[in-house]
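my_file.pdb (PDB, C-alpha atoms)
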```pdb
ATOM      1  CA  MET X  86       0.000   0.000   0.000
ATOM      2  CA  PRO X  87       1.503   3.353  -1.008
ATOM      3  CA  ILE X  88       2.594   5.549   1.898
ATOM      4  CA  THR X  89       2.949   9.335   1.807
ATOM      5  CA  ILE X  90       4.942  11.533   4.158
ATOM      6  CA  HIS X  91       4.148  15.231   4.558
ATOM      7  CA  LEU X  92       7.058  17.323   5.809
ATOM      8  CA  PRO X  93       6.340  21.007   6.510
ATOM      9  CA  ARG X  94       8.688  23.280   4.542
ATOM     10  CA  GLY X  95       9.994  25.101   7.623
ATOM     11  CA  LEU X  96      10.705  21.810   9.359
ATOM     12  CA  HIS X  97      12.481  20.525   6.247
ATOM     13  CA  HIS X  98      14.733  23.592   6.150
ATOM     14  CA  GLY X  99      15.491  23.276   9.858
ATOM     15  CA  VAL X 100      16.396  19.588   9.531
ATOM     16  CA  LEU X 101      18.746  20.259   6.610
ATOM     17  CA  ALA X 102      20.397  23.134   8.476
ATOM     18  CA  ASP X 103      20.949  20.994  11.555
ATOM     19  CA  LEU X 104      22.267  17.985   9.657
ATOM     20  CA  ARG X 105      24.788  20.202   7.864
ATOM     21  CA  ARG X 106      26.377  21.497  11.077
ATOM     22  CA  PRO X 107      29.943  20.250  11.548
ATOM     23  CA  HIS X 108      30.727  17.879  14.397
ATOM     24  CA  ALA X 109      34.026  17.551  16.271
ATOM     25  CA  HIS X 110      34.593  13.932  15.235
ATOM     26  CA  ALA X 111      31.607  12.609  13.284
ATOM     27  CA  ALA X 112      31.507  13.048   9.520
ATOM     28  CA  GLU X 113      27.731  13.489   9.519
ATOM     29  CA  ARG X 114      24.894  14.444  11.863
ATOM     30  CA  ILE X 115      21.935  12.385  13.052
ATOM     31  CA  GLY X 116      18.567  13.467  14.373
ATOM     32  CA  PHE X 117      15.064  12.161  14.891
ATOM     33  CA  LEU X 118      11.946  13.266  13.047
ATOM     34  CA  TYR X 119       8.644  12.660  14.812
ATOM     35  CA  GLY X 120       5.295  12.295  13.104
ATOM     36  CA  ARG X 121       1.693  11.209  13.418
ATOM     37  CA  PHE X 122       0.379   8.246  11.456
ATOM     38  CA  VAL X 123      -2.992   8.593   9.719
ATOM     39  CA  SER X 124      -4.370   5.244   8.568
ATOM     40  CA  GLY X 125      -6.626   4.715   5.583
ATOM     41  CA  ASP X 126      -6.540   3.647   1.948
ATOM     42  CA  GLN X 127      -3.576   5.984   1.495
ATOM     43  CA  PRO X 128      -1.529   5.813   4.734
ATOM     44  CA  LEU X 129       0.020   9.141   5.670
ATOM     45  CA  VAL X 130       2.692  10.243   8.126
ATOM     46  CA  MET X 131       2.551  13.920   9.034
ATOM     47  CA  MET X 132       5.958  14.989  10.362
ATOM     48  CA  THR X 133       5.632  17.354  13.295
ATOM     49  CA  ARG X 134       9.055  18.027  14.800
ATOM     50  CA  TYR X 135      12.751  17.248  14.727
ATOM     51  CA  VAL X 136      15.182  16.637  17.582
ATOM     52  CA  PRO X 137      18.939  16.660  16.890
ATOM     53  CA  VAL X 138      21.240  14.208  18.646
ATOM     54  CA  PRO X 139      23.380  16.195  21.122
ATOM     55  CA  ASP X 140      27.134  16.268  20.438
ATOM     56  CA  GLU X 141      27.987  14.265  23.559
ATOM     57  CA  GLN X 142      25.824  11.349  22.368
ATOM     58  CA  TYR X 143      28.039  10.631  19.341
ATOM     59  CA  VAL X 144      30.516   7.773  19.638
ATOM     60  CA  VAL X 145      34.014   8.096  18.179
ATOM     61  CA  ASP X 146      34.081   5.577  15.309
ATOM     62  CA  ASP X 147      36.202   6.273  12.251
ATOM     63  CA  THR X 148      34.698   3.345  10.306
ATOM     64  CA  ILE X 149      31.384   5.107   9.566
ATOM     65  CA  GLY X 150      30.017   8.626   9.104
ATOM     66  CA  ALA X 151      28.407   8.779  12.544
ATOM     67  CA  ARG X 152      27.507   6.503  15.424
ATOM     68  CA  ILE X 153      25.321   7.442  18.381
ATOM     69  CA  ASN X 154      25.120   5.930  21.847
ATOM     70  CA  GLY X 155      22.304   4.321  23.796
ATOM     71  CA  ASP X 156      21.391   7.600  25.473
ATOM     72  CA  ALA X 157      20.419   8.994  22.053
ATOM     73  CA  ILE X 158      18.210   5.977  21.340
ATOM     74  CA  ARG X 159      16.596   6.136  24.783
ATOM     75  CA  ALA X 160      15.891   9.851  24.291
ATOM     76  CA  ALA X 161      14.183   9.100  20.957
ATOM     77  CA  MET X 162      12.097   6.403  22.641
ATOM     78  CA  GLN X 163      11.191   8.816  25.452
ATOM     79  CA  GLY X 164      10.063  11.308  22.809
ATOM     80  CA  VAL X 165       7.603   8.690  21.546
ATOM     81  CA  LEU X 166       6.333   8.013  25.075
ATOM     82  CA  ASP X 167       5.964  11.737  25.824
ATOM     83  CA  THR X 168       4.046  12.645  22.657
ATOM     84  CA  GLY X 169       2.498   9.476  21.267
ATOM     85  CA  GLU X 170       4.149  10.203  17.919
ATOM     86  CA  GLY X 171       6.233   7.818  15.836
ATOM     87  CA  VAL X 172       9.967   8.377  15.400
ATOM     88  CA  PHE X 173      12.285   8.255  12.375
ATOM     89  CA  HIS X 174      16.076   8.041  12.513
ATOM     90  CA  THR X 175      17.163  10.841  10.176
ATOM     91  CA  HIS X 176      20.420  11.738   8.443
ATOM     92  CA  LEU X 177      21.717  13.411   5.277
ATOM     93  CA  HIS X 178      23.780  12.226   2.336
ATOM     94  CA  GLU X 179      25.129  15.474   0.935
ATOM     95  CA  TRP X 180      24.912  14.895  -2.816
ATOM     96  CA  PRO X 181      22.078  15.863  -5.181
ATOM     97  CA  GLY X 182      19.452  13.448  -6.426
ATOM     98  CA  THR X 183      17.661  10.559  -4.822
ATOM     99  CA  PRO X 184      19.697   9.309  -1.863
ATOM    100  CA  TRP X 185      20.211   5.629  -1.035
ATOM    101  CA  PHE X 186      20.852   4.002   2.297
ATOM    102  CA  SER X 187      24.439   2.774   2.532
ATOM    103  CA  ARG X 188      25.248  -0.868   3.201
ATOM    104  CA  THR X 189      25.993   0.070   6.823
ATOM    105  CA  ASP X 190      22.650   1.925   7.048
ATOM    106  CA  ASP X 191      20.831  -1.149   5.689
ATOM    107  CA  GLU X 192      22.609  -3.472   8.116
ATOM    108  CA  GLU X 193      22.500  -1.412  11.312
ATOM    109  CA  LEU X 194      19.619   1.068  11.300
ATOM    110  CA  PRO X 195      16.701  -1.416  11.053
ATOM    111  CA  ARG X 196      17.861  -2.818  14.408
ATOM    112  CA  LEU X 197      16.502   0.378  16.026
ATOM    113  CA  ILE X 198      12.955  -0.177  14.833
ATOM    114  CA  PRO X 199      11.810  -2.862  17.328
ATOM    115  CA  ALA X 200      12.608  -0.502  20.224
ATOM    116  CA  PHE X 201      10.777   2.389  18.554
ATOM    117  CA  ARG X 202       7.751   0.184  17.860
ATOM    118  CA  ALA X 203       7.716  -1.213  21.388
ATOM    119  CA  VAL X 204       7.108   2.247  22.856
ATOM    120  CA  GLY X 205       4.822   3.442  20.030
ATOM    121  CA  PRO X 206       2.944   0.425  18.655
ATOM    122  CA  THR X 207       0.101   2.471  17.145
ATOM    123  CA  GLN X 208       2.400   4.815  15.237
ATOM    124  CA  ALA X 209       4.638   4.427  12.205
ATOM    125  CA  ALA X 210       8.390   4.318  12.791
ATOM    126  CA  GLY X 211      11.266   4.280  10.374
ATOM    127  CA  LEU X 212      14.331   5.594   8.668
ATOM    128  CA  PHE X 213      14.447   8.937   6.843
ATOM    129  CA  LEU X 214      17.316   9.909   4.542
ATOM    130  CA  LEU X 215      17.664  13.323   2.928
ATOM    131  CA  SER X 216      19.791  14.715   0.140
ATOM    132  CA  PRO X 217      19.997  18.419  -0.773
ATOM    133  CA  ASP X 218      17.018  18.058  -3.128
ATOM    134  CA  SER X 219      15.307  14.756  -2.380
ATOM    135  CA  ALA X 220      14.551  12.184   0.317
ATOM    136  CA  ILE X 221      13.636   8.554   0.856
ATOM    137  CA  ALA X 222      12.133   6.760   3.820
ATOM    138  CA  ASP X 223      11.468   3.230   4.955
ATOM    139  CA  VAL X 224       8.396   2.981   7.160
ATOM    140  CA  TRP X 225       7.226   0.237   9.482
ATOM    141  CA  LEU X 226       3.446   0.672   9.772
ATOM    142  CA  PRO X 227       1.650  -0.442  12.952
ATOM    143  CA  GLY X 228       1.339  -4.224  12.916
ATOM    144  CA  ALA X 229       3.422  -4.665   9.752
ATOM    145  CA  GLN X 230       6.127  -7.330   9.655
ATOM    146  CA  GLY X 231       8.619  -5.250   7.715
ATOM    147  CA  PRO X 232       9.285  -1.892   6.119
ATOM    148  CA  GLU X 233       7.760  -0.306   3.084
ATOM    149  CA  ARG X 234       9.566   2.254   0.968
ATOM    150  CA  VAL X 235       7.631   5.511   0.927
ATOM    151  CA  ILE X 236       6.240   6.300  -2.502
ATOM    152  CA  ARG X 237       5.840  10.036  -1.987
ATOM    153  CA  ILE X 238       7.478  12.553   0.320
ATOM    154  CA  SER X 239       5.994  16.001  -0.066
ATOM    155  CA  VAL X 240       7.394  19.176   1.409
ATOM    156  CA  VAL X 241       4.301  21.263   2.147
TER     157      VAL X 241
END
```

Once more with this new file: its structure as structure tokens, please.
Amino acid sequence: MPITIHLPRGLHHGVLADLRRPHAHAAERIGFLYGRFVSGDQPLVMMTRYVPVPDEQYVVDDTIGARINGDAIRAAMQGVLDTGEGVFHTHLHEWPGTPWFSRTDDEELPRLIPAFRAVGPTQAAGLFLLSPDSAIADVWLPGAQGPERVIRISVV
């Protein structure tokens, strides 16, 4: 079933600005987008806010662009508990065109989803990847066994 994500323009600009900030040791930034799931014939996730990962929650690891610690994951889970919204691990690949999750992204990031779903079982959770002019997302809908690639991400 095709899934759509709506991302408010101001939120989109703020996410890009944050993800482009330099970090002392990480090559890229990570944050968490939160959104509300609207079920129906055309499932929709309405993104509502973004929370950057604080500098002290990055782990020094020269083998990948960025790694975050358990405190960052727990904070994202607490954000779900506090608001009832779903959460999306979010980062940026800084080249134009449709981005693609790296092999490391594909291997490691889906491991976060069971924790996100455990605290927000009625919401969608997932992975959100931006480029300067595009984005992709994998979404785990409530009750679904696995992810679905989002068909349409609209900046509104």

The PyMOL selection byres ((chain X and resi 91-108) around 10) resolved against shown file, as number ranges by chain: X: 89-90, 109-118, 120, 129-138, 140, 143, 151, 175-179, 215-217, 237-241

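Distances here use all atoms listed in the file; by that measure, the residue among X:Ile149, X:Gly125, X:Thr189, X:Thr207 closest to X:Val165 is X:Thr207.
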
Between X:His174, X:Arg188, X:Arg159, X:Arg121, single out the one closest to X:Pro227, counting all atoms listed in the file.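 Ranked by minimum distance to X:Pro227, first place goes to X:Arg121.
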
Two-atom distance - atom CA of X:Asp167, atom CA of X:Val204 (Å):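 Here the two named atoms are 10.0 Å from each other.
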
Radius query 10 Å about (18.6, 0.1, 5.6), atoms used: all atoms listed in the file, as JSON, numbers by chain: {"X": [185, 186, 187, 188, 189, 190, 191, 192, 193, 194, 195, 196, 211, 212, 213, 214, 222, 223, 232]}

6 Å per side around stretch 122-125 of chain X: axis-aligned box centre and edge lengths, as AutoDock Vina command-line options:
```
--center_x -3.1 --center_y 6.7 --center_z 8.5 --size_x 19.0 --size_y 15.9 --size_z 17.9
```

From the options X:Val235, X:Asp156, X:Ile198, X:Leu226, which residue's atoms come nearest to X:Phe122, counting only C-alpha atoms?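 The shortest atom-to-atom distance to X:Phe122 comes from X:Leu226.
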
List as number ranges by chain the protein and nucleic acid residues near X:Gln230, meaning an atom at most 12 Å away when only C-alpha atoms are counted, but skip any in the same chain fewer than 6 places from it. X: 198-199, 202, 224

Just the number, please: distance in Å from atom CA of X:Val172 to atom CA of X:Ala209, one decimal.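 Result for atom CA of X:Val172 versus atom CA of X:Ala209: 7.4 Å, one decimal.
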
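The smallest atom-to-atom distance between X:Val123 and any of X:Thr168, X:Gln163, X:Asn154, X:Gln208, using all atoms listed in the file, is found for X:Gln208.
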
Atom CA of X:Ile221 to atom CA of X:Phe173, straight-line distance in Å: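 Atom-to-atom, atom CA of X:Phe173 to atom CA of X:Ile221, that is 11.6 Å.
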
Could you add the missing atoms to stretch 130-141 of chain X, up to N, CA and C atoms, and return them as a CSV table (one decimal), in the frame of the given file?
```csv
chain,number,residue,atom,x,y,z
X,130,VAL,N,2.0,9.8,6.9
X,130,VAL,CA,2.7,10.2,8.1
X,130,VAL,C,2.9,11.7,8.0
X,131,MET,N,2.4,12.5,9.0
X,131,MET,CA,2.6,13.9,9.0
X,131,MET,C,3.7,14.2,10.0
X,132,MET,N,4.8,14.7,9.5
X,132,MET,CA,6.0,15.0,10.4
X,132,MET,C,5.7,16.3,11.1
X,133,THR,N,6.0,16.2,12.4
X,133,THR,CA,5.6,17.4,13.3
X,133,THR,C,6.8,18.1,13.9
X,134,ARG,N,7.9,17.4,14.1
X,134,ARG,CA,9.1,18.0,14.8
X,134,ARG,C,10.3,17.2,14.6
X,135,TYR,N,11.4,17.9,14.9
X,135,TYR,CA,12.8,17.2,14.7
X,135,TYR,C,13.6,17.5,16.0
X,136,VAL,N,14.3,16.5,16.4
X,136,VAL,CA,15.2,16.6,17.6
X,136,VAL,C,16.6,16.2,17.2
X,137,PRO,N,17.6,17.1,17.2
X,137,PRO,CA,18.9,16.7,16.9
X,137,PRO,C,19.5,15.8,18.0
X,138,VAL,N,20.5,15.0,17.7
X,138,VAL,CA,21.2,14.2,18.6
X,138,VAL,C,22.3,15.1,19.2
X,139,PRO,N,22.4,15.3,20.5
X,139,PRO,CA,23.4,16.2,21.1
X,139,PRO,C,24.8,15.7,20.9
X,140,ASP,N,25.7,16.6,20.8
X,140,ASP,CA,27.1,16.3,20.4
X,140,ASP,C,27.7,15.2,21.3
X,141,GLU,N,27.4,15.2,22.6
X,141,GLU,CA,28.0,14.3,23.6
X,141,GLU,C,27.4,12.9,23.4
```
